[in-house]
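Trainee: I have a structure I would like to understand better, so I am pasting it below and will then ask my questions one at a time.
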There are 2 protein chains.
Amino acid sequence: MFRAMKYSPGCLELIDQRQLPTQEIWVRATTLEEVAIAIETMVVRGAPAIGCAAGWGLALDAHLNHVNGTANDLWNAYKTRFLKNVDRLARTRPTAVNLFYALKRFQSLGEEIPNDTSMSKVAQRFLDLAQFLDDDDVRTCKSIGEHGASIFKSPVSGLTHCNTGSLATAGYGTALGIIRSMHSQKKLKSIFVDETRPYFQGARLTAFELLKDNIPYTLISDNMAGYAMQKGLVDFVVIGADRIANNGDTANKIGSYSLAVLCKYHQIPFIVAAPMSTVDIETLDGSKIPVEERPRVELLEVNGYRVAPSESKVWNPSFDVTPASLISYIVTEKGVHKPPFNFSQMRF
Amino acid sequence: MFRAMKYSPGCLELIDQRQLPTQEIWVRATTLEEVAIAIETMVVRGAPAIGCAAGWGLALDAHLNHVNGTANDLWNAYKTRFLKNVDRLARTRPTAVNLFYALKRFQSLGEEIPNDTSMSKVAQRFLDLAQFLDDDDVRTCKSIGEHGASIFKSPVSGLTHCNTGSLATAGYGTALGIIRSMHSQKKLKSIFVDETRPYFQGARLTAFELLKDNIPYTLISDNMAGYAMQKGLVDFVVIGADRIANNGDTANKIGSYSLAVLCKYHQIPFIVAAPMSTVDIETLDGSKIPVEERPRVELLEVNGYRVAPSESKVWNPSFDVTPASLISYIVTEKGVHKPPFNFSQMRF
């Protein structure tokens, strides 16, 4: 299975998602700051993948501190730097909650470690946790895929937005995990991939993954989705999530909300796929989710080629929030959840 | 006022809309075939502008035939070539009805001309008709602008799609004509311009025109429209039309239908602006309108830069059809029309 990040002690290799599909270039991050910059500049993107990368970043820094320090270095002396690292990573992307989930797991681990623990042991425990988060994400994705595929009985055609596959997770994918499972169960006729402006994650990344896996897809621009639905070509829409509030309101890549409204109008199921770590029960509803705005240049230029006057005023929100009332199912590793959603009251 | 095409005997100059906004290059078409190719390759686009360009093309060819022929050349001898020219132009773009309207006007003129008319007289009459169609389009646009602006009493914010301005018409514009009139009457706060994939007519052309006229606008990608509406930033949407069926169903740039559905859901007026020549009373409803599909490369590359795997299957419809039930107003030079629409029964 394709993996978008590979860790070896002292180095996190990340496929540069900005260069796909024309070039497969691996970026080598050898410091925590380089990992943070890779997240900020979208070398790696996708909420679960960002969480995993952050985990590897913390493991990397503990490793460096251990090998560069003296044999007597203790956790107590490193702790301030660790908390700074957590802060640094927390500032990279504000919307994806998986990042904060990964950071919290490391903070909890940090709180458990006795002050006089040697850094060699700390580095090992950090490595183990990063590896666990990575493996766990793949297991979770496969479970999401199975649950999601169970919604459908016979072969259908769908539409997906942005990239939610191996590139957006530790592997397999969330919404794309459902597509993969449906395909392997022969429940998928074909899938529309919308290009997902302004970053072209659909055109560049989802198409790249589906092509690799021989899953039939058709590329469209975002504004063609409504017309495809009007013509009866879309039986369902499935997207990922960057953050799901307790009531089911879902922040995801800009354009998701428009698709949800189009689904409502055409009476097409609108499915959100995400690990439970994307559910933020402390965020009661979508109005509390911060939405990142990205640089104006993303709309003014494509790879340096100017498509609009440089003087233009630009609005470039990276996400939007779809209210739970427009969502038919939220699929997690725990199963297929139906409205009304209230994740804090859920018992498994 | 900015004009996108300029005719002088023997030459139609067209601003190359594919190069805007980075370069203002004028293409010189000196044969009818060159005019046809300019339409096909989208040097000139926009339904009314295509109609005007076709008119100038026919005037150009009659002129060439006159100056290159003998003094004794007669209409009778030229007629076969004229009909071939009409056929050639009719094959350039299938959806825009203004093209066929202009061609019909020329055919009617042709039928009126006695067989023994000298080509110098024919060339003059063709020139007069092309000039009339051009002037008439500007007058029509200004009238559309005034009628459209009358819908609003106080300053509001809107959203427009594609380019419907001076570049899409002989001058002033249809939907953008309404924006211009609203701005001059201080009824416009600001206008969202969506970039209009895959050809970027909004980003490249509408932004270019609004900037020239100092009309405040904000550039967004197509998939941000829903989110802008959800946030209450859009009071109306106004678009142009490539063909309006007798019952009001409207073919326009791909993405128009999605906007209409989003307007319905958010209870925002959805306005279509077009000259009466865009209304095709012989097309009873939208299901009868042919929708052009354009080359796949438009979705695979931006200015030669590849944004999707070249092996991708692509669907690239250039237009969609919005049912009349989603349209609040159709504004023509005759006034503001409200549903139910039935243009063949209209009396002015």
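Starting from 1 in every chain, residues are counted up; chains themselves are A, B, ... following the order of the structure tokens, and ligands are numbered from 1 as listed.
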As a PyMOL selection string, please: every residue in stretch 202-306 of chain B that a backbone DSSP assignment puts in alpha helix (DSSP H).
Mentor: chain B and resi 207-212+225-230+256-266+297-300
Trainee: Enumerate, in order of chain and increasing residue number, the residues of chain A with an atom no farther than 7 Å from chain B, each with its shortest atom pair and distance in Å to one decimal, counting only C-alpha atoms, as CSV.
Mentor:
```
residue,atom,partner,partner_atom,distance
A:Pro21,CA,B:Pro309,CA,6.0
A:Thr22,CA,B:Arg306,CA,7.0
A:Arg197,CA,B:Ser221,CA,6.4
A:Pro198,CA,B:Ser221,CA,6.7
A:Phe200,CA,B:Val307,CA,6.9
A:Ala203,CA,B:Ala308,CA,4.7
A:Arg204,CA,B:Ala308,CA,4.7
A:Ala207,CA,B:Pro309,CA,6.7
A:Phe208,CA,B:Pro309,CA,6.2
A:Tyr217,CA,B:Lys313,CA,6.6
A:Thr218,CA,B:Lys313,CA,4.9
A:Leu219,CA,B:Val314,CA,4.7
A:Ile220,CA,B:Trp315,CA,5.7
A:Ser221,CA,B:Arg197,CA,6.4
A:Asp222,CA,B:Asn223,CA,6.1
A:Asn223,CA,B:Gly255,CA,4.3
A:Met224,CA,B:Gly255,CA,5.7
A:Gly226,CA,B:Ser258,CA,4.8
A:Tyr227,CA,B:Asp320,CA,6.2
A:Ile254,CA,B:Met224,CA,6.2
A:Gly255,CA,B:Asn223,CA,4.3
A:Tyr257,CA,B:Gly226,CA,6.5
A:Ser258,CA,B:Gly226,CA,4.8
A:Val261,CA,B:Leu262,CA,6.7
A:Leu262,CA,B:Val261,CA,6.7
A:Arg306,CA,B:Thr22,CA,7.0
A:Val307,CA,B:Arg204,CA,5.5
A:Ala308,CA,B:Ala203,CA,4.7
A:Pro309,CA,B:Pro21,CA,6.0
A:Ser312,CA,B:Leu219,CA,6.7
A:Lys313,CA,B:Thr218,CA,4.9
A:Val314,CA,B:Leu219,CA,4.7
A:Trp315,CA,B:Ile220,CA,5.7
A:Asn316,CA,B:Ile220,CA,6.6
A:Asp320,CA,B:Tyr227,CA,6.2
```
Trainee: Residues as selected, N, CA and C atoms, written as a tab-separated table (two decimals), in the first residue's frame, can you do that?
Mentor:
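Saved file out.tsv follows:
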```tsv
chain	number	residue	atom	x	y	z
A	21	PRO	N	0.57	15.61	-9.82
A	21	PRO	CA	0.99	14.28	-10.24
A	21	PRO	C	2.17	14.29	-11.20
A	22	THR	N	2.73	15.47	-11.50
A	22	THR	CA	3.78	15.49	-12.52
A	22	THR	C	5.11	14.93	-12.00
A	197	ARG	N	-10.69	23.40	-6.50
A	197	ARG	CA	-9.95	24.65	-6.49
A	197	ARG	C	-9.91	25.20	-5.07
A	198	PRO	N	-8.92	26.03	-4.73
A	198	PRO	CA	-7.84	26.46	-5.62
A	198	PRO	C	-6.62	25.54	-5.64
A	200	PHE	N	-6.42	22.22	-6.26
A	200	PHE	CA	-6.48	21.07	-7.18
A	200	PHE	C	-6.20	19.73	-6.51
A	203	ALA	N	-7.93	16.95	-8.60
A	203	ALA	CA	-7.29	16.70	-9.89
A	203	ALA	C	-5.89	16.11	-9.71
A	204	ARG	N	-5.13	16.69	-8.79
A	204	ARG	CA	-3.73	16.30	-8.67
A	204	ARG	C	-3.55	15.02	-7.86
A	207	ALA	N	-7.07	11.90	-8.31
A	207	ALA	CA	-6.94	11.26	-9.61
A	207	ALA	C	-5.66	10.41	-9.67
A	208	PHE	N	-4.58	10.91	-9.12
A	208	PHE	CA	-3.30	10.19	-9.06
A	208	PHE	C	-3.46	8.86	-8.32
A	217	TYR	N	-12.55	6.63	-12.74
A	217	TYR	CA	-12.99	7.94	-12.27
A	217	TYR	C	-13.13	8.88	-13.45
A	218	THR	N	-13.90	9.93	-13.24
A	218	THR	CA	-14.07	10.98	-14.24
A	218	THR	C	-13.80	12.32	-13.58
A	219	LEU	N	-12.87	13.07	-14.17
A	219	LEU	CA	-12.50	14.37	-13.62
A	219	LEU	C	-13.46	15.45	-14.11
A	220	ILE	N	-13.94	16.28	-13.17
A	220	ILE	CA	-14.78	17.44	-13.54
A	220	ILE	C	-14.28	18.65	-12.76
A	221	SER	N	-14.70	19.85	-13.17
A	221	SER	CA	-14.42	21.02	-12.33
A	221	SER	C	-15.53	21.12	-11.29
A	222	ASP	N	-15.25	21.84	-10.20
A	222	ASP	CA	-16.19	21.90	-9.07
A	222	ASP	C	-17.58	22.34	-9.50
A	223	ASN	N	-17.63	23.28	-10.46
A	223	ASN	CA	-18.92	23.85	-10.83
A	223	ASN	C	-19.76	22.93	-11.73
A	224	MET	N	-19.26	21.74	-12.04
A	224	MET	CA	-20.01	20.78	-12.87
A	224	MET	C	-20.83	19.80	-12.03
A	226	GLY	N	-23.32	20.09	-9.89
A	226	GLY	CA	-24.78	20.25	-9.95
A	226	GLY	C	-25.35	19.69	-11.24
A	227	TYR	N	-24.69	19.99	-12.34
A	227	TYR	CA	-25.17	19.52	-13.65
A	227	TYR	C	-25.12	17.99	-13.72
A	254	ILE	N	-13.19	23.71	1.40
A	254	ILE	CA	-14.14	24.65	0.78
A	254	ILE	C	-14.80	23.97	-0.43
A	255	GLY	N	-16.09	24.15	-0.52
A	255	GLY	CA	-16.85	23.52	-1.60
A	255	GLY	C	-17.71	22.38	-1.10
A	257	TYR	N	-19.74	22.38	1.48
A	257	TYR	CA	-21.08	22.88	1.81
A	257	TYR	C	-21.94	23.00	0.56
A	258	SER	N	-21.37	23.55	-0.52
A	258	SER	CA	-22.14	23.67	-1.77
A	258	SER	C	-22.60	22.29	-2.24
A	261	VAL	N	-25.59	21.13	-0.17
A	261	VAL	CA	-26.84	21.78	-0.58
A	261	VAL	C	-27.35	21.16	-1.88
A	262	LEU	N	-26.45	20.93	-2.82
A	262	LEU	CA	-26.84	20.31	-4.10
A	262	LEU	C	-27.41	18.91	-3.86
A	306	ARG	N	-0.39	33.72	-14.07
A	306	ARG	CA	-1.41	34.59	-13.49
A	306	ARG	C	-2.74	34.41	-14.20
A	307	VAL	N	-3.80	34.14	-13.43
A	307	VAL	CA	-5.12	33.95	-14.01
A	307	VAL	C	-6.09	35.07	-13.63
A	308	ALA	N	-5.62	36.05	-12.84
A	308	ALA	CA	-6.48	37.18	-12.48
A	308	ALA	C	-5.60	38.39	-12.25
A	309	PRO	N	-6.17	39.61	-12.42
A	309	PRO	CA	-5.36	40.81	-12.18
A	309	PRO	C	-4.80	40.79	-10.75
A	312	SER	N	-6.53	42.35	-7.69
A	312	SER	CA	-7.84	41.86	-7.25
A	312	SER	C	-7.90	41.66	-5.75
A	313	LYS	N	-9.04	42.05	-5.16
A	313	LYS	CA	-9.34	41.64	-3.78
A	313	LYS	C	-9.77	40.17	-3.84
A	314	VAL	N	-9.28	39.37	-2.90
A	314	VAL	CA	-9.52	37.93	-2.94
A	314	VAL	C	-10.07	37.47	-1.60
A	315	TRP	N	-10.99	36.53	-1.64
A	315	TRP	CA	-11.45	35.84	-0.42
A	315	TRP	C	-11.11	34.38	-0.62
A	316	ASN	N	-10.31	33.82	0.28
A	316	ASN	CA	-9.83	32.45	0.09
A	316	ASN	C	-9.95	31.61	1.37
A	320	ASP	N	-15.16	25.12	4.68
A	320	ASP	CA	-16.47	25.64	5.02
A	320	ASP	C	-17.09	24.67	6.01
```
Trainee: Chain A vs chain B: Cα RMSD after least-squares superposition over all Cα in order?
Mentor: 0.0 Å
Trainee: Near stretch 46-50 of chain B, counting only C-alpha atoms, which residues have an atom at most 7 Å away, once you skip same-chain residues fewer than 4 positions from it, shown as a PyMOL selection string?
Mentor: chain B and resi 39+54+96+98-99+164+168-170+242
Trainee: So what do you get for atom CA of B:Ile289 versus atom CA of B:Asp235, distance-wise?
Mentor: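 Between atom CA of B:Ile289 and atom CA of B:Asp235 the gap is 29.5 Å.
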Trainee: When you look at A:Asp249 with a cut-off of 8 Å (counting only C-alpha atoms), what residues show up, excluding the ones that are within fewer than 3 positions of it in the same chain? I need them as a list in words.
Mentor: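 My list of contacting residues is Ile244, Ala245, Asn246, Asp285, Gly286, Val321, Thr322, Pro323 and Ala324 of chain A.
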Trainee: Got a sec to tell me which of stretch 18-111 of chain B DSSP assigns to strand (DSSP E), as a PyMOL selection string?
Mentor: chain B and resi 26-29
Trainee: Export N, CA, C and O atoms of the chosen residues as a compact mmCIF listing (two decimals), in the first residue's frame?
Mentor:
```txt
# COMPACT_ATOMS: atom_id res chain seq x y z
N TRP B 26 -4.00 42.06 -29.80
CA TRP B 26 -5.09 42.12 -30.76
C TRP B 26 -4.80 41.17 -31.92
O TRP B 26 -3.73 41.22 -32.51
N VAL B 27 -5.76 40.30 -32.21
CA VAL B 27 -5.66 39.36 -33.33
C VAL B 27 -6.31 40.02 -34.54
O VAL B 27 -7.40 40.58 -34.43
N ARG B 28 -5.64 39.97 -35.70
CA ARG B 28 -6.19 40.55 -36.93
C ARG B 28 -6.73 39.42 -37.81
O ARG B 28 -5.96 38.62 -38.32
N ALA B 29 -8.05 39.38 -37.98
CA ALA B 29 -8.65 38.39 -38.87
C ALA B 29 -8.92 39.08 -40.20
O ALA B 29 -9.64 40.08 -40.26
```
Trainee: So how far away is atom CA of A:Thr174 from atom CA of A:Met276, in Å?
Mentor: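 Atom-to-atom, atom CA of A:Met276 and atom CA of A:Thr174 are spaced 11.1 Å apart.
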Trainee: Using only C-alpha atoms for the distances, tell me which of A:Lys121, A:Lys334, A:Lys189, A:Arg18 is nearest to A:Arg139.
Mentor: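 With only C-alpha atoms as the atom set, the closest residue is A:Lys334.
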Trainee: Rounded to one decimal in Å, what is the spacing between atom CA of A:Asp61 and atom CA of A:Gln107?
Mentor: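 Those two atoms sit 14.4 Å apart.
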Trainee: Choose the residue, out of B:Gly165, B:His63, B:Lys231, B:Asp135, that has the smallest atom-to-atom separation from A:Ser287; count only C-alpha atoms.
Mentor: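 Answer, going by the shortest atom-to-atom distance: B:Lys231.
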Trainee: Would you pick out the contacts of A:Thr160 at 8 Å or less, using only C-alpha atoms, so that residues sharing its chain but fewer than 6 positions from it are not included, and give the list as a PyMOL selection string?
Mentor: chain A and resi 175-176+191-194+237-239
Trainee: Contacts of B:Lys186 at 10 Å or less, counting only C-alpha atoms, minus same-chain residues fewer than 6 places along, as number ranges by chain?
Mentor: B: 149, 153-156, 180
Trainee: For the selection just defined, write its residues with N, CA, C and O atoms to a file, as a PDB file, in the first residue's frame.
Mentor:
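In the end it all went to selection.pdb:
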```
ATOM      1  N   ALA B 149     -31.106  47.196 -12.928  1.00  0.00           N
ATOM      2  CA  ALA B 149     -30.830  48.015 -11.741  1.00  0.00           C
ATOM      3  C   ALA B 149     -32.129  48.432 -11.055  1.00  0.00           C
ATOM      4  O   ALA B 149     -32.161  48.638  -9.834  1.00  0.00           O
ATOM      5  N   LYS B 153     -33.617  48.647  -4.704  1.00  0.00           N
ATOM      6  CA  LYS B 153     -33.898  49.993  -4.192  1.00  0.00           C
ATOM      7  C   LYS B 153     -32.709  50.548  -3.418  1.00  0.00           C
ATOM      8  O   LYS B 153     -32.407  51.725  -3.486  1.00  0.00           O
ATOM      9  N   SER B 154     -32.039  49.669  -2.636  1.00  0.00           N
ATOM     10  CA  SER B 154     -30.926  50.132  -1.802  1.00  0.00           C
ATOM     11  C   SER B 154     -29.674  49.325  -2.130  1.00  0.00           C
ATOM     12  O   SER B 154     -29.761  48.292  -2.783  1.00  0.00           O
ATOM     13  N   PRO B 155     -28.507  49.807  -1.683  1.00  0.00           N
ATOM     14  CA  PRO B 155     -27.252  49.133  -2.052  1.00  0.00           C
ATOM     15  C   PRO B 155     -27.182  47.688  -1.541  1.00  0.00           C
ATOM     16  O   PRO B 155     -27.462  47.427  -0.373  1.00  0.00           O
ATOM     17  N   VAL B 156     -26.812  46.777  -2.417  1.00  0.00           N
ATOM     18  CA  VAL B 156     -26.721  45.349  -2.097  1.00  0.00           C
ATOM     19  C   VAL B 156     -25.423  44.768  -2.668  1.00  0.00           C
ATOM     20  O   VAL B 156     -24.741  45.404  -3.469  1.00  0.00           O
ATOM     21  N   ARG B 180     -22.867  47.329 -13.849  1.00  0.00           N
ATOM     22  CA  ARG B 180     -22.389  48.681 -14.168  1.00  0.00           C
ATOM     23  C   ARG B 180     -23.457  49.724 -13.839  1.00  0.00           C
ATOM     24  O   ARG B 180     -23.167  50.764 -13.241  1.00  0.00           O
TER      25      ARG B 180
END
```
Trainee: With only C-alpha atoms as the atoms that count, which of B:Leu188, B:Ile268, B:Ala38, B:Ile178 lies nearest to B:Ser143?
Mentor: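 Using only C-alpha atoms, B:Ser143 sits closest to B:Ile178.
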Trainee: From the options B:Gly145, B:Gly51, B:Gly158, B:Gly57, which residue's atoms come nearest to B:Val97, counting only C-alpha atoms?
Mentor: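 Using only C-alpha atoms, the shortest distance to B:Val97 belongs to B:Gly51.
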